[in-house]
>>> print(open('query.txt').read())   # compact mmCIF, C-alpha atoms
# COMPACT_ATOMS: atom_id res chain seq x y z
CA MET A 82 8.45 16.86 -3.78
CA MET A 83 6.01 14.15 -4.81
CA ARG A 84 7.54 11.09 -6.46
CA LEU A 85 5.85 8.91 -9.05
CA GLY A 86 6.10 5.22 -8.22
CA TYR A 87 4.73 1.85 -9.29
CA ASN A 88 3.53 -1.15 -7.29
CA THR A 89 5.38 -4.38 -8.01
CA ASN A 90 2.11 -6.34 -7.80
CA GLY A 91 1.68 -5.15 -11.41
CA LEU A 92 5.02 -6.68 -12.43
CA SER A 93 4.57 -10.20 -11.09
CA HIS A 94 5.75 -11.88 -14.32
CA HIS A 95 9.08 -10.04 -14.27
CA GLU A 96 12.35 -10.78 -12.52
CA PRO A 97 12.31 -8.35 -9.59
CA PHE A 98 15.57 -6.49 -10.20
CA ARG A 99 14.94 -6.19 -13.94
CA ALA A 100 11.49 -4.83 -13.12
CA LEU A 101 13.05 -2.23 -10.83
CA GLU A 102 15.44 -1.15 -13.57
CA LEU A 103 12.55 -0.95 -16.04
CA LEU A 104 10.70 1.44 -13.72
CA ALA A 105 13.79 3.60 -13.32
CA GLU A 106 14.32 3.69 -17.10
CA ILE A 107 10.76 4.92 -17.58
CA GLY A 108 11.31 7.68 -15.03
CA TYR A 109 9.71 6.42 -11.82
CA GLN A 110 11.39 7.62 -8.64
CA SER A 111 9.76 5.25 -6.16
CA VAL A 112 8.59 1.66 -5.92
CA ALA A 113 5.85 0.14 -3.80
CA TRP A 114 7.41 -3.27 -3.20
CA THR A 115 4.84 -5.98 -2.42
CA LEU A 116 6.40 -8.76 -0.35
CA ASP A 117 5.59 -12.00 -2.16
CA ARG A 118 7.07 -15.25 -3.38
CA GLY A 119 10.03 -14.26 -5.49
CA TRP A 120 9.71 -10.62 -4.39
CA LEU A 121 11.52 -10.52 -1.03
CA ASP A 122 9.73 -13.56 0.33
CA PRO A 123 9.89 -12.87 4.09
CA PHE A 124 10.32 -16.58 4.79
CA ASP A 125 13.25 -17.11 2.41
CA LEU A 126 16.50 -17.96 4.20
CA SER A 127 18.41 -15.70 1.79
CA LEU A 128 16.26 -12.69 2.73
CA PRO A 129 19.05 -10.66 4.45
CA ARG A 130 21.23 -10.96 1.37
CA GLN A 131 18.32 -10.00 -0.90
CA CYS A 132 17.51 -6.94 1.24
CA GLU A 133 21.09 -5.75 1.14
CA ARG A 134 21.20 -6.16 -2.64
CA LEU A 135 17.90 -4.35 -3.09
CA ARG A 136 18.86 -1.48 -0.82
CA ARG A 137 22.09 -0.97 -2.76
CA ARG A 138 20.25 -1.02 -6.09
CA LEU A 139 17.63 1.46 -4.90
CA GLU A 140 20.41 3.81 -3.81
CA GLN A 141 22.21 3.41 -7.14
CA LEU A 142 19.01 4.22 -9.05
CA GLY A 143 18.12 7.12 -6.74
CA MET A 144 14.75 5.53 -5.93
CA HIS A 145 12.66 5.57 -2.77
CA SER A 146 10.55 2.64 -1.62
CA VAL A 147 7.52 1.80 0.44
CA LEU A 148 6.77 -1.75 1.55
CA GLU A 149 3.39 -3.30 0.75
CA THR A 150 1.88 -6.32 2.52
CA GLY A 151 -1.11 -7.14 0.30
CA ALA A 152 0.17 -10.23 -1.53
CA ARG A 153 -2.78 -12.46 -2.37
CA PHE A 154 -1.53 -15.93 -1.43
CA LEU A 155 1.70 -15.44 0.50
CA LEU A 156 0.47 -16.74 3.86
CA ASP A 157 -2.19 -19.16 2.58
CA GLN A 158 -2.03 -20.56 -0.95
CA GLU A 159 -5.75 -21.42 -1.00
CA ARG A 160 -7.38 -18.36 0.60
CA LYS A 161 -6.77 -14.93 -0.93
CA HIS A 162 -5.34 -12.38 1.53
CA GLU A 163 -5.76 -14.76 4.48
CA PRO A 164 -5.12 -14.92 7.35
CA THR A 165 -5.71 -11.35 8.52
CA LEU A 166 -5.84 -9.31 11.71
CA VAL A 167 -9.58 -10.11 11.97
CA SER A 168 -9.48 -13.85 11.22
CA ASP A 169 -11.54 -16.07 13.50
CA ASP A 170 -8.69 -18.35 14.63
CA PRO A 171 -6.28 -16.71 17.13
CA ALA A 172 -3.40 -18.68 15.61
CA ASP A 173 -4.25 -17.25 12.19
CA ARG A 174 -4.36 -13.71 13.55
CA ASN A 175 -0.99 -14.30 15.19
CA ARG A 176 0.46 -15.44 11.85
CA ARG A 177 -0.57 -12.14 10.30
CA VAL A 178 0.90 -10.18 13.21
CA GLN A 179 4.20 -12.05 12.96
CA PHE A 180 4.30 -11.45 9.22
CA LEU A 181 3.70 -7.72 9.70
CA ARG A 182 6.37 -7.53 12.39
CA ARG A 183 8.81 -9.23 10.02
CA ALA A 184 7.76 -6.80 7.28
CA ILE A 185 8.59 -3.90 9.61
CA ASP A 186 12.08 -5.35 10.06
CA ILE A 187 12.45 -5.57 6.27
CA ALA A 188 11.30 -1.96 5.89
CA THR A 189 14.01 -1.00 8.37
CA ASP A 190 16.65 -2.89 6.40
CA LEU A 191 15.58 -1.23 3.13
CA GLY A 192 15.18 2.25 4.58
CA SER A 193 11.63 2.34 3.19
CA ASP A 194 9.48 5.43 3.66
CA CYS A 195 6.66 3.42 5.27
CA LEU A 196 4.95 0.05 5.57
CA SER A 197 1.42 -0.23 4.14
CA LEU A 198 -1.20 -2.62 5.55
CA TRP A 199 -4.97 -3.08 5.88
CA SER A 200 -7.50 -4.66 8.24
CA GLY A 201 -8.72 -7.73 6.37
CA THR A 202 -12.20 -8.99 5.56
CA VAL A 203 -14.56 -10.47 8.16
CA ASN A 204 -15.24 -13.92 6.67
CA HIS A 205 -17.11 -15.38 9.64
CA HIS A 206 -19.94 -14.49 12.00
CA ALA A 207 -18.14 -12.11 14.33
CA ASP A 208 -20.08 -8.92 14.93
CA ASN A 209 -18.48 -5.55 14.31
CA ALA A 210 -17.48 -5.02 17.94
CA LEU A 211 -15.67 -8.36 18.16
CA ALA A 212 -13.95 -7.83 14.80
CA MET A 213 -12.82 -4.38 15.91
CA ASP A 214 -11.44 -5.81 19.16
CA ARG A 215 -9.43 -8.35 17.18
CA LEU A 216 -8.14 -5.67 14.82
CA ARG A 217 -7.21 -3.36 17.68
CA SER A 218 -5.39 -6.12 19.54
CA GLY A 219 -3.31 -7.11 16.53
CA LEU A 220 -2.55 -3.54 15.54
CA GLU A 221 -1.33 -2.73 19.03
CA ARG A 222 1.38 -5.38 18.68
CA VAL A 223 2.28 -4.25 15.18
CA VAL A 224 2.36 -0.54 16.02
CA ARG A 225 4.44 -1.19 19.13
CA HIS A 226 7.05 -2.99 17.00
CA ALA A 227 6.95 -0.23 14.38
CA GLU A 228 7.63 2.35 17.08
CA HIS A 229 10.55 0.29 18.34
CA ARG A 230 12.05 0.04 14.83
CA GLY A 231 11.23 3.62 13.80
CA VAL A 232 8.98 2.58 10.90
CA THR A 233 5.90 4.53 9.83
CA ILE A 234 2.68 2.57 9.25
CA GLY A 235 0.39 3.60 6.39
CA PHE A 236 -3.02 2.04 7.10
CA GLU A 237 -5.15 1.60 3.97
CA PRO A 238 -8.97 1.54 3.99
CA GLU A 239 -9.96 -1.15 1.46
CA PRO A 240 -13.40 -1.82 -0.11
CA GLY A 241 -14.99 -4.94 1.35
CA MET A 242 -12.74 -5.05 4.40
CA LEU A 243 -13.61 -4.22 8.00
CA ILE A 244 -12.09 -0.75 7.60
CA ASP A 245 -13.14 0.48 4.19
CA THR A 246 -14.32 4.08 4.54
CA MET A 247 -12.60 7.19 5.80
CA ALA A 248 -15.13 7.50 8.62
CA GLN A 249 -14.12 4.05 9.87
CA PHE A 250 -10.45 4.95 9.50
CA GLU A 251 -10.98 8.08 11.56
CA ARG A 252 -12.48 6.07 14.42
CA LEU A 253 -9.56 3.66 14.26
CA MET A 254 -7.07 6.52 14.04
CA ALA A 255 -8.40 7.94 17.31
CA GLU A 256 -7.34 4.73 19.06
CA PHE A 257 -3.79 4.98 17.71
CA PRO A 258 -2.55 8.52 18.33
CA GLN A 259 1.04 7.39 17.88
CA SER A 260 2.91 9.34 15.23
CA VAL A 261 3.86 6.10 13.44
CA PHE A 262 0.19 5.27 12.67
CA GLN A 263 -0.64 7.13 9.47
CA LEU A 264 -2.65 6.74 6.26
CA THR A 265 -2.17 5.06 2.90
CA LEU A 266 -4.78 6.76 0.72
CA ASP A 267 -6.04 4.90 -2.34
CA VAL A 268 -7.68 7.44 -4.63
CA GLY A 269 -9.60 4.81 -6.58
CA HIS A 270 -11.08 3.36 -3.41
CA LEU A 271 -12.51 6.76 -2.49
CA HIS A 272 -14.21 7.02 -5.87
CA CYS A 273 -15.41 3.41 -5.77
CA LEU A 274 -17.15 3.94 -2.43
CA GLY A 275 -18.61 7.32 -3.36
CA GLU A 276 -16.38 9.33 -1.01
CA VAL A 277 -16.34 12.24 -3.42
CA PRO A 278 -15.30 14.87 -4.20
CA ILE A 279 -11.81 13.60 -3.42
CA PRO A 280 -9.89 16.89 -2.90
CA PRO A 281 -11.71 17.72 0.39
CA VAL A 282 -10.74 14.27 1.70
CA ILE A 283 -7.11 15.05 0.92
CA ASP A 284 -7.48 18.44 2.61
CA ARG A 285 -8.91 16.80 5.73
CA TYR A 286 -6.35 14.00 6.07
CA GLY A 287 -3.35 15.57 4.36
CA ALA A 288 -1.24 15.65 7.51
CA ARG A 289 -1.71 11.87 7.97
CA ILE A 290 -1.04 10.72 4.38
CA VAL A 291 2.29 8.90 3.98
CA ASN A 292 1.54 6.83 0.88
CA ILE A 293 -0.73 7.24 -2.16
CA HIS A 294 -2.14 4.48 -4.35
CA LEU A 295 -3.41 5.64 -7.71
CA GLU A 296 -5.46 4.13 -10.51
CA ASP A 297 -8.63 4.97 -12.40
CA MET A 298 -11.92 3.49 -11.25
CA ARG A 299 -15.71 3.58 -11.72
CA ARG A 300 -18.09 4.26 -8.88
CA GLY A 301 -19.34 1.11 -7.18
CA VAL A 302 -16.89 -1.22 -8.96
CA HIS A 303 -13.62 -2.17 -7.26
CA ASP A 304 -11.60 -2.67 -10.43
CA HIS A 305 -8.21 -0.97 -10.86
CA LEU A 306 -8.27 0.59 -14.34
CA MET A 307 -5.73 2.31 -16.56
CA PHE A 308 -5.94 6.07 -16.42
CA GLY A 309 -8.57 7.38 -18.80
CA GLU A 310 -10.67 4.20 -18.62
CA GLY A 311 -12.59 5.20 -15.49
CA GLU A 312 -14.37 8.25 -14.16
CA ILE A 313 -11.78 10.04 -12.00
CA GLU A 314 -10.58 13.57 -12.77
CA PHE A 315 -6.97 13.68 -11.59
CA SER A 316 -5.91 17.31 -11.97
CA PRO A 317 -7.86 18.47 -8.86
CA ILE A 318 -6.42 15.54 -6.89
CA PHE A 319 -2.83 16.54 -7.63
CA ALA A 320 -3.69 20.16 -6.90
CA ALA A 321 -5.00 19.07 -3.48
CA LEU A 322 -1.86 17.02 -2.79
CA ARG A 323 0.27 20.05 -3.58
CA ARG A 324 -1.97 22.22 -1.41
CA VAL A 325 -1.46 20.01 1.66
CA GLY A 326 2.27 19.80 1.00
CA TYR A 327 2.38 16.05 0.34
CA GLN A 328 5.99 14.96 -0.19
CA GLY A 329 5.77 11.19 -0.54
CA GLY A 330 5.31 8.55 -3.21
CA VAL A 331 2.34 8.42 -5.57
CA HIS A 332 2.25 4.75 -6.54
CA VAL A 333 0.39 3.38 -9.54
CA GLU A 334 -1.45 0.19 -8.59
CA LEU A 335 -2.40 -1.89 -11.62
CA SER A 336 -2.10 -5.42 -10.26
CA ARG A 337 -4.22 -6.91 -13.07
CA HIS A 338 -2.05 -5.47 -15.82
CA GLY A 339 0.93 -7.76 -15.28
CA HIS A 340 0.49 -9.35 -18.72
CA VAL A 341 1.18 -5.94 -20.31
CA ALA A 342 3.32 -4.51 -17.49
CA PRO A 343 5.97 -2.59 -19.52
CA LEU A 344 3.29 -0.96 -21.67
CA ALA A 345 1.06 -0.22 -18.66
CA ALA A 346 3.93 1.31 -16.67
CA ARG A 347 4.90 3.58 -19.57
CA GLN A 348 1.30 4.56 -20.31
CA ALA A 349 0.65 5.42 -16.66
CA TYR A 350 3.83 7.47 -16.44
CA GLU A 351 3.00 9.45 -19.57
CA PHE A 352 -0.44 10.25 -18.16
CA LEU A 353 0.72 11.21 -14.66
CA ALA A 354 4.07 12.96 -15.12
CA PRO A 355 2.54 16.17 -16.53
CA LEU A 356 0.16 16.33 -13.56
CA LEU A 357 3.06 16.37 -11.11
CA SER A 358 4.77 19.24 -12.88
>>> encode(input="query.txt", output="structure tokens")
Amino acid sequence: MMRLGYNTNGLSHHEPFRALELLAEIGYQSVAWTLDRGWLDPFDLSLPRQCERLRRRLEQLGMHSVLETGARFLLDQERKHEPTLVSDDPADRNRRVQFLRRAIDIATDLGSDCLSLWSGTVNHHADNALAMDRLRSGLERVVRHAEHRGVTIGFEPEPGMLIDTMAQFERLMAEFPQSVFQLTLDVGHLHCLGEVPIPPVIDRYGARIVNIHLEDMRRGVHDHLMFGEGEIEFSPIFAALRRVGYQGGVHVELSRHGHVAPLAARQAYEFLAPLLS
């Protein structure tokens, strides 16, 4: 069955384990855990101990997890989301690869359902072919490690990044036929980029979806909104997810609502829970 979850990037002002308990108290059954400073920092020497503690708590609460790698300033405290798999400097690209490989190891330790990642934005003068070569090269190393560790990758098309549309994802998908290379589908991103209606997209890619991100949004504006504040009709989306037999987490992503996180988490749950049932 589908499980409602919440992304920890919307709980950045909370102590991580108290935030997890808050989500469980509300009724969430899954958490999209964004690796970040204070939230399983992958470079913290106490990481193994933190992972063991988190895995035990998830089991006690009966919650699933997916691992997210979209922290804004984890690798570079001056450049948002940098470096990426398409950065100009080979050393920068390697830093991202090493981070993703470490994230795969963490996902293994936690028993997470999947690891979610994206391509990155082309912030230099590389043409599309060169940027795609860089992305492909980095992904090959990441996917190879994921296969070795038995971790599923959920690749997320993201507005403004090299891979932003489903058509671009499909071309990339053809180069990675491995069963571990799957799809994180952000419903708001589809609406933002005009890839509507959304249910046929779910029908087409249903067999590849391993992770769902959910928020309301307006067409042409990449702003994650509380449900009811945008333009998306959600009932047909959940009907499509049921139709394709989706069994994973449906994770609310309201990263800009951290200042009202408990209220936002409850409000989102109250809106979405009836749609699941």
>>> atom_distance(input="query.txt", atom1="atom CA of A:Gln110", atom2="atom CA of A:Ala349")
13.6 Å
>>> closest_atom_pairs(input="query.txt", of="stretch 223-273 of chain A", to="stretch 156-167 of chain A", cutoff="12 Å", atoms="all atoms listed in the file", output="CSV")
residue,atom,partner,partner_atom,distance
A:Val223,CA,A:Leu166,CA,10.2
A:Met242,CA,A:Val167,CA,9.6
A:Leu243,CA,A:Val167,CA,8.2
A:Ile244,CA,A:Val167,CA,10.6
>>> atom_distance(input="query.txt", atom1="atom CA of A:Ala248", atom2="atom CA of A:Leu196")
21.6 Å
>>> closest_residue(input="query.txt", among="A:Met213, A:Ala172, A:Leu126, A:Met144", to="A:Leu104", atoms="all atoms listed in the file")
A:Met144
>>> atom_distance(input="query.txt", atom1="atom CA of A:Glu106", atom2="atom CA of A:Ala354")
14.0 Å
>>> residues_around(input="query.txt", residues="stretch 261-269 of chain A", least_positions_apart="2", cutoff="9 Å", atoms="only C-alpha atoms", output="MDAnalysis selection string")
chainID A and resid 197:198 224 227:228 231:239 250 254 257:259 271:274 279 283 286 288:300 303:306 313 318
>>> residues_around(input="query.txt", residues="A:Leu148", least_positions_apart="2", cutoff="9 Å", atoms="all atoms listed in the file", output="PyMOL selection string")
chain A and resi 112-116+146+150+184-185+187-188+191+193-198
>>> closest_residue(input="query.txt", among="A:Glu140, A:His206, A:Pro123, A:Pro129", to="A:Arg182", atoms="all atoms listed in the file")
A:Pro123
